[in-house]
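Presented below is the structure to which this report refers.
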Amino acid sequence: MTDVRCIRLEERGLLAISGEDRVAFLQGLVSNDVHRVSPTRSLYASLLTPQGKYLFDFMMIGHEDSLLLDCEADRLEALRKRLAIYRLRSRVDLADVTGSWQVHAAWGGDALAALGLSGEPGATVSRRDGIAIVDPRHTGLGARLVTRRGTDPVSAPIVHGKRDDYEVVRIALGVPDGVRDLEVGRTVLLEAGFDELNGIDWDKGCYMGQELTARTRYRGLVKRRLTPVVADGAVPEPGTPVTLDGREVGEIRSGTGDRALAVLRLAALEAGANELLAGDVRVRPSPGSR
C-alpha cells in the first residue's frame, strides 16, 4: 500500500451554525441543498451576492446539533457577519469554533480506504478523534479530516506530507482555493467550475444569486474559465497578466513550481492555447484540463 500523506490546513477555520432553524436559514442563502447535509454526507457550497457573484465558499458538515462550515480562517469573521445580516428572526447561533477544531487533508495511495470511507464525494464518517470526509469537490483530493485541536490524525499507513505536493494535486484538478483563485464580487460560479466540483444544486429552488447562476448555465454565458496551466519554468506571481499576441486574455492565480491556476478567456484557449505568455514565461493548459 502506497503511503497516504496528510497535512494540516492551518489556513482553514470552522464556523458553527446551531439552533433549530439552522437548515432553513442556510438553505435560502447558499448554492447547494443544505437538506442533504447529514452525519454521513457533507457538501461544498458558495454564498453569493444578490447579483450572483462569489463572496465565500466552504464545506458544510453535519455534526451533532450544528452545521460546521469549513472556511477560510482569515475570512471567517467576515462570513459570520455576512450571515448575521440575514438572520433576522431565525433561531440560529453563529460561533467561531476554530479554537476547538482543526482541519487536515489526507490524499494519495489508498487514502479513502485507510480512513474507512467510500469513494463517493462528500461521504462522511465519524471517528474517535472527529470526522472524516471524502472531499466533496473531487475524490482526487482524498479526504478532509476535522479533528479535535491538539490531536494528530497521522498513524500508519498515513504519513506527514508536504504542502507543495498537495497543491500540485489541487491545481491539476482545477480546484480553487478561496480568494487565492476567486475574486470577491466578480467571479461567477461556472467560471470557477463549481458545477463539476459539486458545488451547485440545480433543483433546490431559490437562494441568494440563484437567478444569475441559472441564467449563466442555460444561456451559455461563460466567457472565461479557471484553468490549470503548466509553465515553461517557474510559474509567475499571482496577478501576472496572461497575454496572446500582445493582448491580455487572463491572469495567473495560485501556483507552485511550474503549475498554476489561471483565469483565461475561452476564445483565447481556442485560438492559441500554445501561444500564451505570463510575463515572459510561456504557459499552456495542463493535459486533461476542463
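Naming scheme: A, B, ... for chains in displayed order of the C-alpha cells; residues 1 onward per chain; ligands 1 onward as shown.
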Could you give me, as a short mmCIF file (atom, residue, chain, number, x, y, z; two decimals) with all heavy atoms, in the first residue's frame, the residues within 12 Å of segment 284-288 of chain A, counting only C-alpha atoms and dropping anything in the same chain fewer than 2 positions from it?
data_model
loop_
_atom_site.label_atom_id
_atom_site.label_comp_id
_atom_site.auth_asym_id
_atom_site.auth_seq_id
_atom_site.Cartn_x
_atom_site.Cartn_y
_atom_site.Cartn_z
N VAL A 168 0.05 20.69 -5.85
CA VAL A 168 0.17 20.18 -7.21
C VAL A 168 -1.08 19.39 -7.58
O VAL A 168 -1.62 19.52 -8.69
CB VAL A 168 1.44 19.30 -7.36
CG1 VAL A 168 1.40 18.51 -8.66
CG2 VAL A 168 2.69 20.17 -7.32
N ILE A 171 -4.18 21.86 -7.89
CA ILE A 171 -4.11 22.68 -9.10
C ILE A 171 -4.38 21.83 -10.34
O ILE A 171 -5.12 22.25 -11.24
CB ILE A 171 -2.74 23.37 -9.17
CG1 ILE A 171 -2.66 24.47 -8.10
CG2 ILE A 171 -2.50 23.96 -10.56
CD1 ILE A 171 -1.28 25.03 -7.88
N ALA A 172 -3.81 20.64 -10.40
CA ALA A 172 -4.03 19.77 -11.55
C ALA A 172 -5.51 19.43 -11.75
O ALA A 172 -5.98 19.26 -12.87
CB ALA A 172 -3.22 18.48 -11.40
N LEU A 173 -6.26 19.37 -10.64
CA LEU A 173 -7.68 19.05 -10.71
C LEU A 173 -8.54 20.30 -10.95
O LEU A 173 -9.76 20.19 -11.08
CB LEU A 173 -8.13 18.37 -9.41
CG LEU A 173 -7.50 16.99 -9.15
CD1 LEU A 173 -7.88 16.49 -7.75
CD2 LEU A 173 -7.93 15.97 -10.20
N GLY A 174 -7.92 21.47 -10.98
CA GLY A 174 -8.66 22.70 -11.23
C GLY A 174 -9.53 23.14 -10.08
O GLY A 174 -10.55 23.81 -10.28
N ARG A 225 -12.58 30.99 -17.89
CA ARG A 225 -12.57 29.75 -17.12
C ARG A 225 -11.31 29.67 -16.27
O ARG A 225 -10.22 30.05 -16.72
CB ARG A 225 -12.59 28.57 -18.09
CG ARG A 225 -12.68 27.21 -17.45
CD ARG A 225 -14.07 26.93 -16.94
NE ARG A 225 -14.15 25.63 -16.32
CZ ARG A 225 -15.27 24.97 -16.10
NH1 ARG A 225 -16.43 25.48 -16.46
NH2 ARG A 225 -15.27 23.80 -15.53
N LEU A 226 -11.46 29.19 -15.04
CA LEU A 226 -10.31 28.89 -14.19
C LEU A 226 -9.70 27.59 -14.70
O LEU A 226 -10.36 26.55 -14.68
CB LEU A 226 -10.75 28.76 -12.74
CG LEU A 226 -9.65 28.71 -11.68
CD1 LEU A 226 -8.91 30.05 -11.60
CD2 LEU A 226 -10.23 28.35 -10.32
N THR A 227 -8.46 27.65 -15.15
CA THR A 227 -7.85 26.55 -15.89
C THR A 227 -6.48 26.20 -15.32
O THR A 227 -5.66 27.10 -15.09
CB THR A 227 -7.68 26.95 -17.37
OG1 THR A 227 -8.95 27.34 -17.90
CG2 THR A 227 -7.10 25.82 -18.19
N PRO A 228 -6.17 24.92 -15.12
CA PRO A 228 -4.80 24.53 -14.73
C PRO A 228 -3.84 24.76 -15.90
O PRO A 228 -4.16 24.42 -17.04
CB PRO A 228 -4.92 23.04 -14.42
CG PRO A 228 -6.38 22.76 -14.27
CD PRO A 228 -7.08 23.75 -15.15
N VAL A 229 -2.69 25.35 -15.61
CA VAL A 229 -1.68 25.58 -16.65
C VAL A 229 -0.31 25.10 -16.17
O VAL A 229 -0.06 25.00 -14.96
CB VAL A 229 -1.59 27.07 -17.05
CG1 VAL A 229 -2.90 27.55 -17.65
CG2 VAL A 229 -1.20 27.94 -15.86
N VAL A 230 0.53 24.80 -17.13
CA VAL A 230 1.92 24.43 -16.87
C VAL A 230 2.80 25.49 -17.50
O VAL A 230 2.58 25.90 -18.65
CB VAL A 230 2.26 23.05 -17.47
CG1 VAL A 230 3.71 22.68 -17.17
CG2 VAL A 230 1.32 21.98 -16.93
N ALA A 231 3.81 25.97 -16.77
CA ALA A 231 4.72 26.99 -17.27
C ALA A 231 6.03 26.37 -17.73
O ALA A 231 6.45 25.34 -17.20
CB ALA A 231 4.99 28.04 -16.18
N ASP A 232 6.66 26.99 -18.69
CA ASP A 232 8.00 26.59 -19.11
C ASP A 232 9.01 27.24 -18.16
O ASP A 232 9.70 28.19 -18.52
CB ASP A 232 8.26 27.01 -20.55
CG ASP A 232 7.45 26.21 -21.55
OD1 ASP A 232 6.90 25.17 -21.16
OD2 ASP A 232 7.35 26.64 -22.71
N GLY A 233 9.08 26.73 -16.95
CA GLY A 233 9.91 27.31 -15.90
C GLY A 233 9.05 27.59 -14.69
O GLY A 233 7.94 27.09 -14.57
N VAL A 235 6.47 29.24 -12.33
CA VAL A 235 5.24 29.96 -12.63
C VAL A 235 5.36 31.39 -12.10
O VAL A 235 5.90 31.63 -11.02
CB VAL A 235 4.04 29.22 -12.01
CG1 VAL A 235 4.06 29.31 -10.48
CG2 VAL A 235 2.74 29.77 -12.55
N VAL A 242 -1.89 37.21 -18.36
CA VAL A 242 -1.61 36.25 -19.41
C VAL A 242 -2.00 36.90 -20.73
O VAL A 242 -3.10 37.48 -20.85
CB VAL A 242 -2.41 34.95 -19.22
CG1 VAL A 242 -2.17 33.98 -20.37
CG2 VAL A 242 -2.03 34.29 -17.89
N THR A 243 -1.12 36.84 -21.71
CA THR A 243 -1.36 37.51 -22.99
C THR A 243 -1.31 36.53 -24.15
O THR A 243 -0.68 35.48 -24.08
CB THR A 243 -0.33 38.63 -23.23
OG1 THR A 243 0.99 38.06 -23.25
CG2 THR A 243 -0.39 39.69 -22.12
N LEU A 244 -1.97 36.91 -25.23
CA LEU A 244 -1.93 36.19 -26.51
C LEU A 244 -1.76 37.22 -27.60
O LEU A 244 -2.61 38.11 -27.75
CB LEU A 244 -3.23 35.40 -26.71
CG LEU A 244 -3.39 34.70 -28.06
CD1 LEU A 244 -2.35 33.61 -28.23
CD2 LEU A 244 -4.79 34.12 -28.21
N ILE A 252 -2.78 34.93 -13.98
CA ILE A 252 -2.33 33.83 -13.12
C ILE A 252 -2.94 33.99 -11.73
O ILE A 252 -3.02 35.09 -11.20
CB ILE A 252 -0.78 33.82 -13.02
CG1 ILE A 252 -0.16 33.52 -14.38
CG2 ILE A 252 -0.32 32.79 -11.98
CD1 ILE A 252 -0.41 32.13 -14.90
N ASP A 258 6.07 24.80 -11.33
CA ASP A 258 5.71 25.18 -12.69
C ASP A 258 4.22 25.02 -12.97
O ASP A 258 3.79 25.04 -14.12
CB ASP A 258 6.52 24.38 -13.71
CG ASP A 258 6.22 22.88 -13.66
OD1 ASP A 258 5.55 22.44 -12.71
OD2 ASP A 258 6.67 22.16 -14.58
N ARG A 259 3.40 24.88 -11.92
CA ARG A 259 1.96 24.67 -12.06
C ARG A 259 1.18 25.83 -11.46
O ARG A 259 1.58 26.39 -10.44
CB ARG A 259 1.53 23.38 -11.36
CG ARG A 259 2.33 22.15 -11.75
CD ARG A 259 1.96 21.67 -13.13
NE ARG A 259 2.83 20.62 -13.61
CZ ARG A 259 2.42 19.56 -14.29
NH1 ARG A 259 1.13 19.40 -14.52
NH2 ARG A 259 3.28 18.68 -14.75
N ALA A 260 0.06 26.16 -12.08
CA ALA A 260 -0.77 27.25 -11.56
C ALA A 260 -2.19 27.10 -12.07
O ALA A 260 -2.46 26.36 -13.02
CB ALA A 260 -0.21 28.60 -11.98
N LEU A 261 -3.08 27.82 -11.42
CA LEU A 261 -4.41 28.06 -11.98
C LEU A 261 -4.40 29.45 -12.60
O LEU A 261 -3.79 30.37 -12.07
CB LEU A 261 -5.48 27.97 -10.89
CG LEU A 261 -5.75 26.58 -10.32
CD1 LEU A 261 -6.77 26.66 -9.19
CD2 LEU A 261 -6.24 25.62 -11.40
N ALA A 262 -5.08 29.58 -13.71
CA ALA A 262 -5.18 30.86 -14.39
C ALA A 262 -6.60 31.06 -14.88
O ALA A 262 -7.24 30.10 -15.33
CB ALA A 262 -4.21 30.94 -15.57
N VAL A 263 -7.10 32.27 -14.77
CA VAL A 263 -8.38 32.61 -15.38
C VAL A 263 -8.10 33.03 -16.81
O VAL A 263 -7.34 33.97 -17.05
CB VAL A 263 -9.08 33.75 -14.61
CG1 VAL A 263 -10.35 34.18 -15.34
CG2 VAL A 263 -9.42 33.31 -13.21
N LEU A 264 -8.69 32.30 -17.77
CA LEU A 264 -8.40 32.53 -19.18
C LEU A 264 -9.69 32.68 -19.98
O LEU A 264 -10.67 31.97 -19.72
CB LEU A 264 -7.59 31.37 -19.75
CG LEU A 264 -6.23 31.10 -19.12
CD1 LEU A 264 -5.63 29.80 -19.66
CD2 LEU A 264 -5.28 32.27 -19.35
N LEU A 266 -12.11 31.89 -22.85
CA LEU A 266 -12.29 30.68 -23.64
C LEU A 266 -11.91 30.90 -25.09
O LEU A 266 -11.35 30.01 -25.74
CB LEU A 266 -13.74 30.21 -23.53
CG LEU A 266 -14.21 29.81 -22.13
CD1 LEU A 266 -15.66 29.34 -22.18
CD2 LEU A 266 -13.33 28.72 -21.55
N ALA A 268 -9.54 32.72 -26.22
CA ALA A 268 -8.08 32.66 -26.33
C ALA A 268 -7.60 31.22 -26.28
O ALA A 268 -6.65 30.83 -26.99
CB ALA A 268 -7.44 33.47 -25.21
N LEU A 269 -8.22 30.39 -25.46
CA LEU A 269 -7.84 28.98 -25.39
C LEU A 269 -8.08 28.29 -26.72
O LEU A 269 -7.29 27.46 -27.17
CB LEU A 269 -8.65 28.28 -24.29
CG LEU A 269 -8.22 28.57 -22.85
CD1 LEU A 269 -9.21 27.97 -21.87
CD2 LEU A 269 -6.82 28.03 -22.59
N GLU A 270 -9.18 28.64 -27.37
CA GLU A 270 -9.50 28.02 -28.64
C GLU A 270 -8.59 28.53 -29.76
O GLU A 270 -8.23 27.78 -30.67
CB GLU A 270 -10.96 28.30 -29.00
CG GLU A 270 -11.95 27.65 -28.03
CD GLU A 270 -13.36 28.19 -28.18
OE1 GLU A 270 -13.57 29.05 -29.06
OE2 GLU A 270 -14.24 27.75 -27.42
N GLY A 272 -5.39 30.05 -29.43
CA GLY A 272 -3.94 29.94 -29.34
C GLY A 272 -3.46 29.41 -28.01
O GLY A 272 -2.66 30.05 -27.32
N ALA A 273 -3.94 28.22 -27.62
CA ALA A 273 -3.60 27.68 -26.31
C ALA A 273 -2.11 27.45 -26.13
O ALA A 273 -1.61 27.42 -25.00
CB ALA A 273 -4.36 26.37 -26.08
N ASN A 274 -1.37 27.29 -27.22
CA ASN A 274 0.07 27.03 -27.13
C ASN A 274 0.90 28.29 -27.30
O ASN A 274 2.14 28.21 -27.39
CB ASN A 274 0.49 25.98 -28.17
CG ASN A 274 -0.14 24.63 -27.90
OD1 ASN A 274 -0.19 24.18 -26.76
ND2 ASN A 274 -0.64 24.00 -28.95
N GLU A 275 0.25 29.45 -27.37
CA GLU A 275 0.97 30.71 -27.59
C GLU A 275 0.73 31.70 -26.45
O GLU A 275 0.93 32.89 -26.62
CB GLU A 275 0.50 31.34 -28.91
CG GLU A 275 0.64 30.44 -30.13
CD GLU A 275 2.10 30.06 -30.40
OE1 GLU A 275 2.98 30.90 -30.11
OE2 GLU A 275 2.34 28.95 -30.90
N LEU A 276 0.36 31.19 -25.29
CA LEU A 276 0.06 32.06 -24.16
C LEU A 276 1.32 32.41 -23.39
O LEU A 276 2.18 31.55 -23.17
CB LEU A 276 -0.94 31.38 -23.22
CG LEU A 276 -2.31 31.02 -23.82
CD1 LEU A 276 -3.10 30.15 -22.84
CD2 LEU A 276 -3.10 32.28 -24.16
N LEU A 277 1.42 33.67 -22.96
CA LEU A 277 2.54 34.13 -22.16
C LEU A 277 2.04 34.75 -20.87
O LEU A 277 1.07 35.51 -20.86
CB LEU A 277 3.36 35.18 -22.93
CG LEU A 277 4.13 34.71 -24.16
CD1 LEU A 277 4.77 35.92 -24.86
CD2 LEU A 277 5.21 33.71 -23.78
N ALA A 278 2.73 34.42 -19.77
CA ALA A 278 2.50 35.08 -18.48
C ALA A 278 3.79 35.84 -18.19
O ALA A 278 4.80 35.23 -17.82
CB ALA A 278 2.19 34.07 -17.40
N VAL A 281 7.06 34.25 -19.62
CA VAL A 281 7.08 32.80 -19.48
C VAL A 281 5.92 32.20 -20.26
O VAL A 281 4.76 32.61 -20.10
CB VAL A 281 6.98 32.39 -17.99
CG1 VAL A 281 6.94 30.87 -17.86
CG2 VAL A 281 8.15 32.97 -17.20
N ARG A 282 6.21 31.21 -21.09
CA ARG A 282 5.16 30.55 -21.83
C ARG A 282 4.38 29.61 -20.91
O ARG A 282 4.98 28.89 -20.11
CB ARG A 282 5.74 29.75 -23.00
CG ARG A 282 4.68 29.23 -23.97
CD ARG A 282 5.33 28.59 -25.19
NE ARG A 282 6.18 29.53 -25.90
CZ ARG A 282 5.74 30.45 -26.74
NH1 ARG A 282 4.44 30.55 -26.99
NH2 ARG A 282 6.57 31.26 -27.35
N ARG A 290 -10.32 20.96 -17.96
CA ARG A 290 -11.71 21.02 -18.39
C ARG A 290 -11.88 22.12 -19.42
O ARG A 290 -11.23 23.15 -19.38
CB ARG A 290 -12.63 21.30 -17.18
CG ARG A 290 -12.67 20.18 -16.18
CD ARG A 290 -13.75 20.43 -15.15
NE ARG A 290 -13.58 21.66 -14.43
CZ ARG A 290 -12.90 21.76 -13.29
NH1 ARG A 290 -12.35 20.70 -12.75
NH2 ARG A 290 -12.76 22.91 -12.68
#
Best match for closeness to Ser31 of chain A among A:Leu189, A:Ala234, A:Leu14, A:Ala111, counting only C-alpha atoms
A:Leu189
Can you list, as number ranges by chain, every protein, DNA or RNA residue that comes within 7 Å of Leu68 of chain A when you count only C-alpha atoms, leaving out same-chain residues fewer than 6 positions away?
A: 14-17, 60-62
May I have the residues from that selection written out with N, CA and C atoms, as a compact mmCIF listing (two decimals), in the first residue's frame?
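Contents of selection.txt, as written:
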# COMPACT_ATOMS: atom_id res chain seq x y z
N LEU A 14 -13.38 27.02 11.27
CA LEU A 14 -14.69 26.36 11.35
C LEU A 14 -15.71 27.27 12.02
N LEU A 15 -16.79 27.52 11.30
CA LEU A 15 -17.90 28.32 11.80
C LEU A 15 -19.07 27.38 12.07
N ALA A 16 -19.56 27.37 13.31
CA ALA A 16 -20.67 26.50 13.68
C ALA A 16 -21.99 27.28 13.62
N ILE A 17 -22.96 26.69 12.92
CA ILE A 17 -24.31 27.26 12.87
C ILE A 17 -25.22 26.30 13.62
N MET A 60 -19.88 22.19 4.02
CA MET A 60 -20.91 22.11 5.06
C MET A 60 -20.91 20.70 5.63
N ILE A 61 -20.70 20.60 6.94
CA ILE A 61 -20.53 19.31 7.62
C ILE A 61 -21.56 19.23 8.74
N GLY A 62 -22.31 18.15 8.78
CA GLY A 62 -23.26 17.95 9.86
C GLY A 62 -22.58 17.33 11.06
Need the shell around Gly178 of chain A: protein/DNA/RNA residues with any atom at most 8 Å away, counting only C-alpha atoms. Skip same-chain ones fewer than 3 positions apart. Format as a PDB file with C-alpha atoms, in the first residue's frame?
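The new file selection-v8.pdb reads:
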ATOM      1  CA  PHE A  56     -17.404  32.871   0.149  1.00  0.00           C
ATOM      2  CA  ASP A  57     -17.044  29.140  -0.425  1.00  0.00           C
ATOM      3  CA  GLU A  72     -11.001  30.362   5.161  1.00  0.00           C
ATOM      4  CA  ASP A 181      -8.238  31.912  -7.042  1.00  0.00           C
ATOM      5  CA  LEU A 182     -11.655  33.580  -6.868  1.00  0.00           C
TER       6      LEU A 182
END
Looking at A:Ala105, A:Leu94, A:Ile85, A:Val30, which one is nearest to Ser18 of chain A, with distances taken over only C-alpha atoms?
A:Leu94
Can you measure atom CA of Arg148 of chain A to atom CA of Ser126 of chain A for me? One decimal in Å is fine.
12.2 Å
